[in-house]
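Asks: The structure that follows is given in the form of structure tokens.
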Amino acid sequence: MEFKFGGDRIEISPQRDGSTFIHEGMMLHMGDELWLEIDGRKHKATATKVGDVWWVHVLGHTLQFEVIEPGAVGSDDDKGLTAPMPGKILEVHVKVGQTVSAGETLMIMEAMKMEHKITAGSDGVIESIFYQQGNQVEQGTELLSIS
Amino acid sequence: MLKRTLVANRGEIACRILRACKEAGIEGVAINAANDAGTMFTELADISIQLEGEGLSETYLNQQQILKIAIENRCDSIHPGFGFLSERADFAQAVMDAGLIWVGPSPEAITKMGDKMTARITMRAAGVPVIPGEEVEGGLEEVLAVAPSVGYPLLLKATSGGGGKGMRAVHDASNLESEAKAAMREALNAFGDDRIYVERLLTGSRHIEIQVLADKYGRTIHLGERECSVQRRHQKVFEESPSVALDAELREAMGQAACAAAAAVNYEGAGTVEFLVTPKGEFFFLEMNTRIQVEHPVTEMVTGVDLVREQLRIAGGEPMSCGDLSMRGHAIEVRLYAEDPSNNFLPAIGKLKRFIAPTGPGVRLDTGVREGDDVTPDYDPMLAKLIVWAPSRGEALQRMGRALDDFVILGCTTNIRFLRELCYHPDVVDGWTTTDMIDRLWPEGWTPDMESMITDAGLLIASACESNNHGNTISVGATSQVAPSPFQTINRRLP
């Protein structure tokens with residue numbers, strides 16, 4: 001499994017024993033609650049997924065891990081089609097079925113009072129548009145897809 | 001006594017005031033902009049009236065509309081909270097002209113303290129020490145003329161300013177002209193008034209303020225100090241009481257000066273007199289805030305006085321209920337902001353998917369948000385104030401550290417970890433807090449120093465959650481279809 005963490009791509013394949021996951025000598029007991037065990041001491045953890053990002057609270061720290069879908073080539077390809085941060089869709093520049101080329105502006109979002117262009121990562125045809133002008137979207141939400 | 005109070009504010013301070021109203025048997029009327037519909041403070045009010053219009057000027061700053069709502073809903077008083085209209089003398093006057101009670105000082109007191117130049121002159125006349133400096137009426141040439149007598153480094157400040165706008169530090173004469181021009185331009189743009197004044201910049205000094213209370217029966221008291229030196233971009237993030245820099249003698253001298261300052265403008269209600277205290281123990285009047293203050297809880301924790309309740313009592317014409325000052329233990333407040341410390345503390349937004357506040361003895365949370373709320377760019381990014389009380393300063397820092405470790409906010413970036421490490425920074429532990437501390441220690445912003453053990457743990461958790469589709473497997477249906485365990489209902493059956 002691969003994640004993006006603080007700009008780096010990290011791979012992890014934890015061992016699994018029933019509902020316990022093991023990595024680097026640490027054990028995570030999974031149920032409705034998450035309990036991390038290190039050297040026989042238990043620490044409660046909390047995690048929730050927003051878009052493609054797992055937000056994790058453990059040992060007083062808050063960390064974000066973005067899931068990289070298996071087989072994704074170059075994370076920038078799909079990154080361009082998800083909301084980089086929570087915000088509002090200002091303009092939609094394309095229609096379903098339209099042919100677009102790499103670098104073309106597909107949508108304009110407003111986030112933190114700044115405009116942000118969503119551009120095509122590769123040439124293709126617009127398959128679906130999931131949000132319209134005026135919609136509020138969360139970080140990591142898939143905005144449109146290109147086939 | 002007040003019967004029905006309109007709270008002309010939003011968020012956590014509206015919650016604080018509405019709760020105090022409820023406890024005092026006063027009906028609370030909230031007002032909310034359309035984008036605040038359904039937020040926590042609207043639920044704490046007996047009724048909440050939606051404001052027409054968009055943006056601050058049409059809603060929370062719209063004096064006519066707010067006054068109209070107060071009258072239509074038969075309110076007998078308006079509490080402005082802080083920010084917004086709280087220091088607008090014209091609004092206080094309009095409220096009084098409409099026959100309502102303004103929960104705050106007189107418009108005259110607000111005016112005198114609101115204009116920094118008038119305040120300086122009034123304070124000087126009342127014998128309250130002011131920072132060496134010169135008021136400048138005559139524009140750029142006069143600034144250049146008075147600067148040498150004030151001395152460097154100096155600070156240029158907008159006369160009718162606040163919040164750091166129109167404020168410039170000048171370290172030597174060569175920058176004076178360009179900085180003065182910039183400060184005047186900023187002041188004109190921000191406040192419609194390009195008057196500035198020049199004062200000595202007191203580096204390495206502390207920002208310490210004194211809480212005062214005054215009632216209509218001629219009694220003016222002080223409730224000790226709050227140390228608010230830890231700031232970034234002129235905004236406080238960490239406040240405590242008492243201050244390690246004050247002994248009983250200095251506290252009493254500053255307390256008396258603060259009472260003299262309040263008396264000089266016939267002050268009524270709760271107010272705060274801010275001072276700069278130099279390393280040598282000299283203190284100088286900075287300004288008076290004629291309203292309840294964000295950091296008021298630390299004073300409440302160490303003195304046992306409910307400041308908002310006293311405000312309501314005094315406004316209702318009763319004498320204040322507090323006796324002589326007695327400070328007990330130590331209180332600390334930190335301000336949780338939706339912001340990214342690693343990105344130079346820029347505001348962040350998002351949904352509070354999880355919001356789990358710490359609990360335990362001596363832990364207080366003042367907030368206007370709860371789990372599921374959206375943090376939008378529409379308002380101030382302050383999410384909550386976390387306040388702790390403990391018998392000693394050392395224990396208060398430990399309690400704050402523990403509480404911040406326990407605080408879970410997921411879905412929106414916050415400064416929790418920054419605040420946590422602040423509690424353990426040697427300068428804070430030793431009490432060497434000065435106003436320039438954050439800028440000096442972290443000029444480019446702050447990034448958490450994370451051990452690989454933490455990132456490994458996070459990675460393990462993220463991968464396990466992703467494999468198990470954590471959070472989505474526990475459906476609401478699954479729990480509601482199964483009969484509840486008898487242990488969950490035992491309290492209901494056997495009261």
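In the structure tokens, chains take the letters A, B, ... in the order shown, each chain's residues start at 1, and ligands count up from 1 in the order shown.
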Taking only C-alpha atoms into account and nothing else, which residues of chain B lie no more than 7 Å away from chain A? Please answer as a list of chain:residue names.
Replies: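 Contact residues on the first chain: B:Ile349, B:Gly350, B:Pro377, B:Asp405, B:Asp406, B:Val408, B:Leu410, B:Gly411, B:Arg417, B:Gly458, B:Leu460, B:Ile461, B:Ala462, B:Ser463, B:Ala464, B:Gly471.
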Asks: Would you save the residues of that selection, restricted to all heavy atoms, as a short mmCIF file (atom, residue, chain, number, x, y, z; two decimals), in the first residue's frame?
Replies:
data_model
loop_
_atom_site.label_atom_id
_atom_site.label_comp_id
_atom_site.auth_asym_id
_atom_site.auth_seq_id
_atom_site.Cartn_x
_atom_site.Cartn_y
_atom_site.Cartn_z
N ILE B 349 -9.00 25.89 6.29
CA ILE B 349 -10.42 25.60 6.40
C ILE B 349 -10.63 24.10 6.22
O ILE B 349 -9.71 23.38 5.86
CB ILE B 349 -11.27 26.40 5.39
CG1 ILE B 349 -10.74 26.20 3.97
CG2 ILE B 349 -11.31 27.87 5.75
CD1 ILE B 349 -11.59 26.85 2.91
N GLY B 350 -11.85 23.65 6.46
CA GLY B 350 -12.13 22.23 6.33
C GLY B 350 -13.32 21.87 7.19
O GLY B 350 -13.93 22.73 7.82
N PRO B 377 -13.88 30.26 5.37
CA PRO B 377 -13.03 31.46 5.40
C PRO B 377 -13.82 32.73 5.75
O PRO B 377 -13.27 33.82 5.73
CB PRO B 377 -12.47 31.53 3.98
CG PRO B 377 -13.30 30.64 3.15
CD PRO B 377 -14.16 29.80 4.02
N ASP B 405 -2.51 17.08 24.23
CA ASP B 405 -2.25 15.74 23.69
C ASP B 405 -3.56 14.99 23.45
O ASP B 405 -3.69 14.23 22.50
CB ASP B 405 -1.41 14.92 24.69
CG ASP B 405 0.08 15.11 24.46
OD1 ASP B 405 0.44 15.66 23.40
OD2 ASP B 405 0.86 14.72 25.33
N ASP B 406 -4.52 15.20 24.35
CA ASP B 406 -5.80 14.49 24.25
C ASP B 406 -6.74 15.09 23.21
O ASP B 406 -7.72 14.46 22.83
CB ASP B 406 -6.53 14.54 25.61
CG ASP B 406 -5.90 13.62 26.64
OD1 ASP B 406 -4.99 12.86 26.27
OD2 ASP B 406 -6.32 13.65 27.82
N VAL B 408 -8.38 15.98 19.98
CA VAL B 408 -8.37 15.42 18.63
C VAL B 408 -9.20 16.31 17.71
O VAL B 408 -10.39 16.51 17.95
CB VAL B 408 -8.97 13.99 18.61
CG1 VAL B 408 -8.94 13.43 17.19
CG2 VAL B 408 -8.24 13.08 19.57
N LEU B 410 -9.73 16.37 13.60
CA LEU B 410 -9.37 15.80 12.31
C LEU B 410 -10.24 16.40 11.22
O LEU B 410 -11.44 16.59 11.42
CB LEU B 410 -9.54 14.27 12.32
CG LEU B 410 -8.72 13.49 13.36
CD1 LEU B 410 -9.00 12.00 13.25
CD2 LEU B 410 -7.23 13.77 13.21
N GLY B 411 -9.62 16.71 10.09
CA GLY B 411 -10.37 17.28 8.96
C GLY B 411 -10.02 18.73 8.70
O GLY B 411 -10.39 19.28 7.67
N ARG B 417 -0.56 21.20 17.90
CA ARG B 417 0.76 20.67 18.20
C ARG B 417 1.75 21.80 18.51
O ARG B 417 2.62 21.66 19.36
CB ARG B 417 1.25 19.81 17.04
CG ARG B 417 2.52 19.04 17.34
CD ARG B 417 2.30 17.97 18.40
NE ARG B 417 3.54 17.69 19.10
CZ ARG B 417 3.63 16.86 20.14
NH1 ARG B 417 2.56 16.26 20.60
NH2 ARG B 417 4.78 16.67 20.73
N GLY B 458 1.70 6.42 12.58
CA GLY B 458 0.65 7.01 11.74
C GLY B 458 0.44 6.20 10.47
O GLY B 458 -0.69 5.95 10.06
N LEU B 460 1.16 3.03 9.98
CA LEU B 460 0.52 1.76 10.33
C LEU B 460 -0.99 1.95 10.48
O LEU B 460 -1.79 1.16 9.96
CB LEU B 460 1.13 1.22 11.63
CG LEU B 460 0.42 0.04 12.30
CD1 LEU B 460 0.42 -1.18 11.40
CD2 LEU B 460 1.08 -0.29 13.65
N ILE B 461 -1.36 3.00 11.17
CA ILE B 461 -2.79 3.25 11.41
C ILE B 461 -3.50 3.54 10.09
O ILE B 461 -4.57 2.98 9.80
CB ILE B 461 -2.97 4.41 12.42
CG1 ILE B 461 -2.43 3.99 13.79
CG2 ILE B 461 -4.43 4.83 12.52
CD1 ILE B 461 -2.16 5.13 14.75
N ALA B 462 -2.90 4.41 9.26
CA ALA B 462 -3.54 4.76 7.98
C ALA B 462 -3.70 3.51 7.11
O ALA B 462 -4.76 3.30 6.50
CB ALA B 462 -2.71 5.82 7.26
N SER B 463 -2.65 2.66 7.06
CA SER B 463 -2.74 1.49 6.18
C SER B 463 -3.76 0.48 6.71
O SER B 463 -4.52 -0.10 5.94
CB SER B 463 -1.36 0.83 6.03
OG SER B 463 -0.90 0.38 7.29
N ALA B 464 -3.79 0.31 8.04
CA ALA B 464 -4.77 -0.62 8.61
C ALA B 464 -6.19 -0.11 8.39
O ALA B 464 -7.10 -0.87 8.04
CB ALA B 464 -4.49 -0.79 10.11
N GLY B 471 -14.31 3.00 9.92
CA GLY B 471 -15.27 4.10 10.06
C GLY B 471 -16.50 3.89 9.21
O GLY B 471 -17.58 4.32 9.56
#
Asks: Could you give me the residues within segment 325-453 of chain B that DSSP places in strand (DSSP E or B), as a PyMOL selection string?
Replies: chain B and resi 330-337+339-340+346-347+350-351+354-356+363-367+374-375+382-390+408-410
Asks: Run DSSP on the backbone and give me the residues of segment 2-138 of chain A it puts in alpha helix (DSSP H), as a list in words.
Replies: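 So the alpha helix (DSSP H) residues in segment 2-138 of chain A would be Asp76, Asp77, Asp78 and Lys79 of chain A.
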Asks: Taking 2 positions as the minimum chain separation for residues in the same chain, which residues sit within 9 Å of segment 437-448 of chain B when counting only C-alpha atoms? Answer as a list of chain:residue names.
Replies: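 In the requested format, the answer is A:His61, B:Gly204, B:Ser229, B:Val230, B:Gln231, B:Arg232, B:Arg233, B:Asp340, B:Pro341, B:Ser342, B:Asn343, B:Asn344, B:Phe345, B:Arg417, B:Phe418, B:Glu421, B:Asp427, B:Trp432, B:Thr433, B:Thr434, B:Thr435, B:Met450.
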Asks: Excluding Arg16 of chain B and any residue of its chain fewer than 6 positions from it, enumerate the residues within 10 Å of it, using only C-alpha atoms, and give them as a compact mmCIF listing (two decimals) with N, CA, C and O atoms, in the first residue's frame.
Replies:
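Output file out_21.txt follows:
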# COMPACT_ATOMS: atom_id res chain seq x y z
N ARG B 10 -21.26 36.41 17.63
CA ARG B 10 -21.40 35.05 17.11
C ARG B 10 -20.35 34.15 17.77
O ARG B 10 -19.55 34.62 18.56
N PHE B 41 -24.11 28.66 18.75
CA PHE B 41 -24.64 29.77 19.55
C PHE B 41 -26.12 30.02 19.28
O PHE B 41 -26.84 30.45 20.17
N LEU B 44 -28.07 27.89 21.62
CA LEU B 44 -28.03 28.23 23.04
C LEU B 44 -28.95 29.40 23.38
O LEU B 44 -29.22 29.68 24.55
N GLY B 81 -20.37 41.67 23.20
CA GLY B 81 -19.24 40.73 23.16
C GLY B 81 -17.93 41.47 22.93
O GLY B 81 -17.73 42.55 23.47
N VAL B 308 -18.56 37.79 33.01
CA VAL B 308 -19.71 38.09 32.14
C VAL B 308 -20.96 38.29 33.00
O VAL B 308 -21.78 39.18 32.75
N ASP B 366 -13.83 26.87 25.91
CA ASP B 366 -14.78 27.86 25.41
C ASP B 366 -14.73 27.80 23.89
O ASP B 366 -13.71 28.15 23.29
N THR B 367 -15.81 27.33 23.29
CA THR B 367 -15.80 27.20 21.83
C THR B 367 -17.19 27.46 21.28
O THR B 367 -18.17 27.46 22.03
N GLY B 368 -17.27 27.67 19.98
CA GLY B 368 -18.56 27.84 19.33
C GLY B 368 -18.76 26.80 18.25
O GLY B 368 -19.68 26.91 17.44
Asks: Excluding same-chain residues fewer than 6 positions from segment 99-110 of chain B, what lies within 9 Å of it counting only C-alpha atoms, as a PyMOL selection string?
Replies: chain B and resi 2+5+70-71+75-81+86-93+262+264-271+289-292+311-312+314-316
Asks: Only N, CA, C and O atoms, please: the residues just picked out, written as a tab-separated table (two decimals), in the first residue's frame.
Replies:
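Result went into result01.tsv, see below:
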chain	number	residue	atom	x	y	z
B	2	LEU	N	-31.70	42.91	34.23
B	2	LEU	CA	-32.01	42.73	32.82
B	2	LEU	C	-33.00	41.57	32.67
B	2	LEU	O	-33.00	40.62	33.46
B	5	THR	N	-31.84	40.00	26.78
B	5	THR	CA	-30.63	40.60	26.21
B	5	THR	C	-30.37	40.07	24.81
B	5	THR	O	-30.41	38.85	24.58
B	70	ALA	N	-33.62	44.10	17.99
B	70	ALA	CA	-33.70	44.19	19.45
B	70	ALA	C	-35.03	44.81	19.88
B	70	ALA	O	-35.68	44.32	20.81
B	71	ILE	N	-35.43	45.85	19.18
B	71	ILE	CA	-36.69	46.53	19.54
B	71	ILE	C	-37.89	45.65	19.22
B	71	ILE	O	-38.78	45.47	20.05
B	75	CYS	N	-36.29	43.38	23.46
B	75	CYS	CA	-35.10	43.23	24.30
B	75	CYS	C	-34.95	44.50	25.13
B	75	CYS	O	-35.30	45.59	24.68
B	76	ASP	N	-34.41	44.36	26.36
B	76	ASP	CA	-34.16	45.57	27.15
B	76	ASP	C	-32.68	45.94	27.17
B	76	ASP	O	-32.29	46.94	27.75
B	77	SER	N	-31.86	45.11	26.50
B	77	SER	CA	-30.42	45.35	26.56
B	77	SER	C	-29.70	44.67	25.40
B	77	SER	O	-30.23	43.73	24.81
B	78	ILE	N	-28.49	45.17	25.11
B	78	ILE	CA	-27.65	44.56	24.07
B	78	ILE	C	-26.25	44.34	24.64
B	78	ILE	O	-25.64	45.25	25.19
B	79	HIS	N	-25.78	43.10	24.52
B	79	HIS	CA	-24.40	42.78	24.89
B	79	HIS	C	-23.60	42.60	23.61
B	79	HIS	O	-23.91	41.73	22.81
B	80	PRO	N	-22.55	43.41	23.43
B	80	PRO	CA	-21.83	43.35	22.15
B	80	PRO	C	-20.71	42.31	22.08
B	80	PRO	O	-20.15	42.09	21.00
B	81	GLY	N	-20.37	41.67	23.20
B	81	GLY	CA	-19.24	40.73	23.16
B	81	GLY	C	-17.93	41.47	22.93
B	81	GLY	O	-17.73	42.55	23.47
B	86	SER	N	-18.39	46.11	19.49
B	86	SER	CA	-18.19	46.27	20.92
B	86	SER	C	-17.52	47.58	21.30
B	86	SER	O	-17.71	48.07	22.41
B	87	GLU	N	-16.71	48.15	20.40
B	87	GLU	CA	-16.04	49.40	20.76
B	87	GLU	C	-16.48	50.54	19.85
B	87	GLU	O	-15.71	51.46	19.59
B	88	ARG	N	-17.74	50.44	19.40
B	88	ARG	CA	-18.30	51.51	18.57
B	88	ARG	C	-19.18	52.39	19.45
B	88	ARG	O	-20.30	52.04	19.82
B	89	ALA	N	-18.64	53.58	19.74
B	89	ALA	CA	-19.36	54.52	20.60
B	89	ALA	C	-20.70	54.93	19.97
B	89	ALA	O	-21.70	55.11	20.67
B	90	ASP	N	-20.71	55.05	18.63
B	90	ASP	CA	-21.96	55.49	17.98
B	90	ASP	C	-23.05	54.44	18.16
B	90	ASP	O	-24.23	54.77	18.33
B	91	PHE	N	-22.66	53.16	18.15
B	91	PHE	CA	-23.66	52.11	18.37
B	91	PHE	C	-24.15	52.12	19.82
B	91	PHE	O	-25.35	52.02	20.08
B	92	ALA	N	-23.20	52.25	20.76
B	92	ALA	CA	-23.58	52.32	22.17
B	92	ALA	C	-24.58	53.46	22.38
B	92	ALA	O	-25.60	53.31	23.07
B	93	GLN	N	-24.30	54.59	21.73
B	93	GLN	CA	-25.18	55.76	21.85
B	93	GLN	C	-26.55	55.46	21.25
B	93	GLN	O	-27.58	55.77	21.84
B	262	ALA	N	-9.35	53.74	34.63
B	262	ALA	CA	-10.79	53.52	34.47
B	262	ALA	C	-11.57	54.69	35.06
B	262	ALA	O	-12.52	55.21	34.44
B	264	ALA	N	-10.66	57.70	35.41
B	264	ALA	CA	-10.47	58.94	34.64
B	264	ALA	C	-11.51	59.10	33.54
B	264	ALA	O	-11.74	60.22	33.06
B	265	VAL	N	-12.12	58.01	33.10
B	265	VAL	CA	-13.14	58.11	32.05
B	265	VAL	C	-14.51	57.67	32.59
B	265	VAL	O	-15.40	57.33	31.82
B	266	ASN	N	-14.67	57.67	33.92
B	266	ASN	CA	-15.92	57.24	34.57
B	266	ASN	C	-16.39	55.89	34.03
B	266	ASN	O	-17.54	55.72	33.62
B	267	TYR	N	-15.48	54.94	34.03
B	267	TYR	CA	-15.73	53.65	33.43
B	267	TYR	C	-16.78	52.85	34.20
B	267	TYR	O	-16.86	52.91	35.42
B	268	GLU	N	-17.58	52.10	33.45
B	268	GLU	CA	-18.56	51.20	34.05
B	268	GLU	C	-18.50	49.83	33.37
B	268	GLU	O	-18.41	49.76	32.15
B	269	GLY	N	-18.57	48.76	34.15
B	269	GLY	CA	-18.56	47.41	33.59
B	269	GLY	C	-17.17	46.80	33.63
B	269	GLY	O	-16.33	47.19	34.44
B	270	ALA	N	-16.94	45.81	32.74
B	270	ALA	CA	-15.65	45.13	32.70
B	270	ALA	C	-14.77	45.76	31.64
B	270	ALA	O	-15.24	46.07	30.54
B	271	GLY	N	-13.52	45.96	31.96
B	271	GLY	CA	-12.58	46.53	30.99
B	271	GLY	C	-11.18	46.05	31.28
B	271	GLY	O	-10.92	45.45	32.33
B	289	ASN	N	-9.02	48.39	26.66
B	289	ASN	CA	-10.05	47.73	25.86
B	289	ASN	C	-11.36	47.82	26.62
B	289	ASN	O	-11.49	47.27	27.70
B	290	THR	N	-12.31	48.51	25.99
B	290	THR	CA	-13.55	48.84	26.70
B	290	THR	C	-14.62	47.78	26.45
B	290	THR	O	-15.69	48.08	25.94
B	291	ARG	N	-14.31	46.55	26.78
B	291	ARG	CA	-15.20	45.42	26.49
B	291	ARG	C	-14.69	44.20	27.25
B	291	ARG	O	-13.63	44.26	27.87
B	292	ILE	N	-15.43	43.10	27.16
B	292	ILE	CA	-14.92	41.84	27.68
B	292	ILE	C	-13.81	41.40	26.73
B	292	ILE	O	-13.82	41.74	25.54
B	311	GLN	N	-20.80	41.66	34.39
B	311	GLN	CA	-21.18	42.65	33.37
B	311	GLN	C	-22.69	42.82	33.33
B	311	GLN	O	-23.21	43.94	33.29
B	312	LEU	N	-23.40	41.68	33.33
B	312	LEU	CA	-24.87	41.71	33.24
B	312	LEU	C	-25.45	42.34	34.50
B	312	LEU	O	-26.42	43.10	34.45
B	314	ILE	N	-23.93	44.53	36.58
B	314	ILE	CA	-23.63	45.96	36.62
B	314	ILE	C	-24.53	46.72	35.64
B	314	ILE	O	-25.09	47.77	35.98
B	315	ALA	N	-24.70	46.17	34.43
B	315	ALA	CA	-25.55	46.83	33.43
B	315	ALA	C	-26.99	46.94	33.94
B	315	ALA	O	-27.70	47.90	33.64
B	316	GLY	N	-27.41	45.94	34.69
B	316	GLY	CA	-28.77	45.94	35.24
B	316	GLY	C	-28.94	46.86	36.44
B	316	GLY	O	-30.02	46.90	37.04
Asks: Excluding Ile69 of chain B and residues on its chain fewer than 3 positions from it, collect all residues at most 9 Å away from it, counting only C-alpha atoms, and give them as a list of chain:residue names.
Replies: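 Final neighbour list, sorted by chain and number: B:Leu6, B:Ile31, B:Ile49, B:Leu51, B:Gln64, B:Gln65, B:Ile66, B:Glu72, B:Asn73, B:Arg74, B:Cys75.
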Asks: Skipping near chain neighbours, those fewer than 2 positions away, what residues fall within 7 Å of Tyr197 of chain B using only C-alpha atoms, listed as a PyMOL selection string?
Replies: chain B and resi 134-136+156-159+195+199
Asks: Write to file, as a short mmCIF file (atom, residue, chain, number, x, y, z; two decimals), in the first residue's frame, the residues of the selection just made, with N, CA and C atoms.
Replies:
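This is the output file out-v3.cif:
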data_model
loop_
_atom_site.label_atom_id
_atom_site.label_comp_id
_atom_site.auth_asym_id
_atom_site.auth_seq_id
_atom_site.Cartn_x
_atom_site.Cartn_y
_atom_site.Cartn_z
N GLU B 134 5.64 60.92 21.20
CA GLU B 134 5.05 62.20 20.82
C GLU B 134 3.82 61.97 19.95
N GLU B 135 2.77 62.70 20.25
CA GLU B 135 1.62 62.70 19.36
C GLU B 135 1.96 63.61 18.19
N VAL B 136 1.61 63.19 17.01
CA VAL B 136 1.93 63.97 15.82
C VAL B 136 0.63 64.37 15.12
N LEU B 156 5.94 53.45 14.85
CA LEU B 156 4.95 54.36 14.29
C LEU B 156 3.61 53.64 14.37
N LYS B 157 2.61 54.31 14.89
CA LYS B 157 1.31 53.67 15.07
C LYS B 157 0.21 54.57 14.56
N ALA B 158 -0.81 53.96 13.96
CA ALA B 158 -1.97 54.74 13.51
C ALA B 158 -2.74 55.20 14.75
N THR B 159 -3.10 56.47 14.75
CA THR B 159 -3.80 57.03 15.91
C THR B 159 -5.12 56.29 16.16
N ARG B 195 -3.48 60.06 10.61
CA ARG B 195 -2.68 60.54 11.74
C ARG B 195 -1.92 59.37 12.37
N GLU B 199 6.37 56.50 19.02
CA GLU B 199 6.75 56.20 20.40
C GLU B 199 7.96 55.30 20.42
#
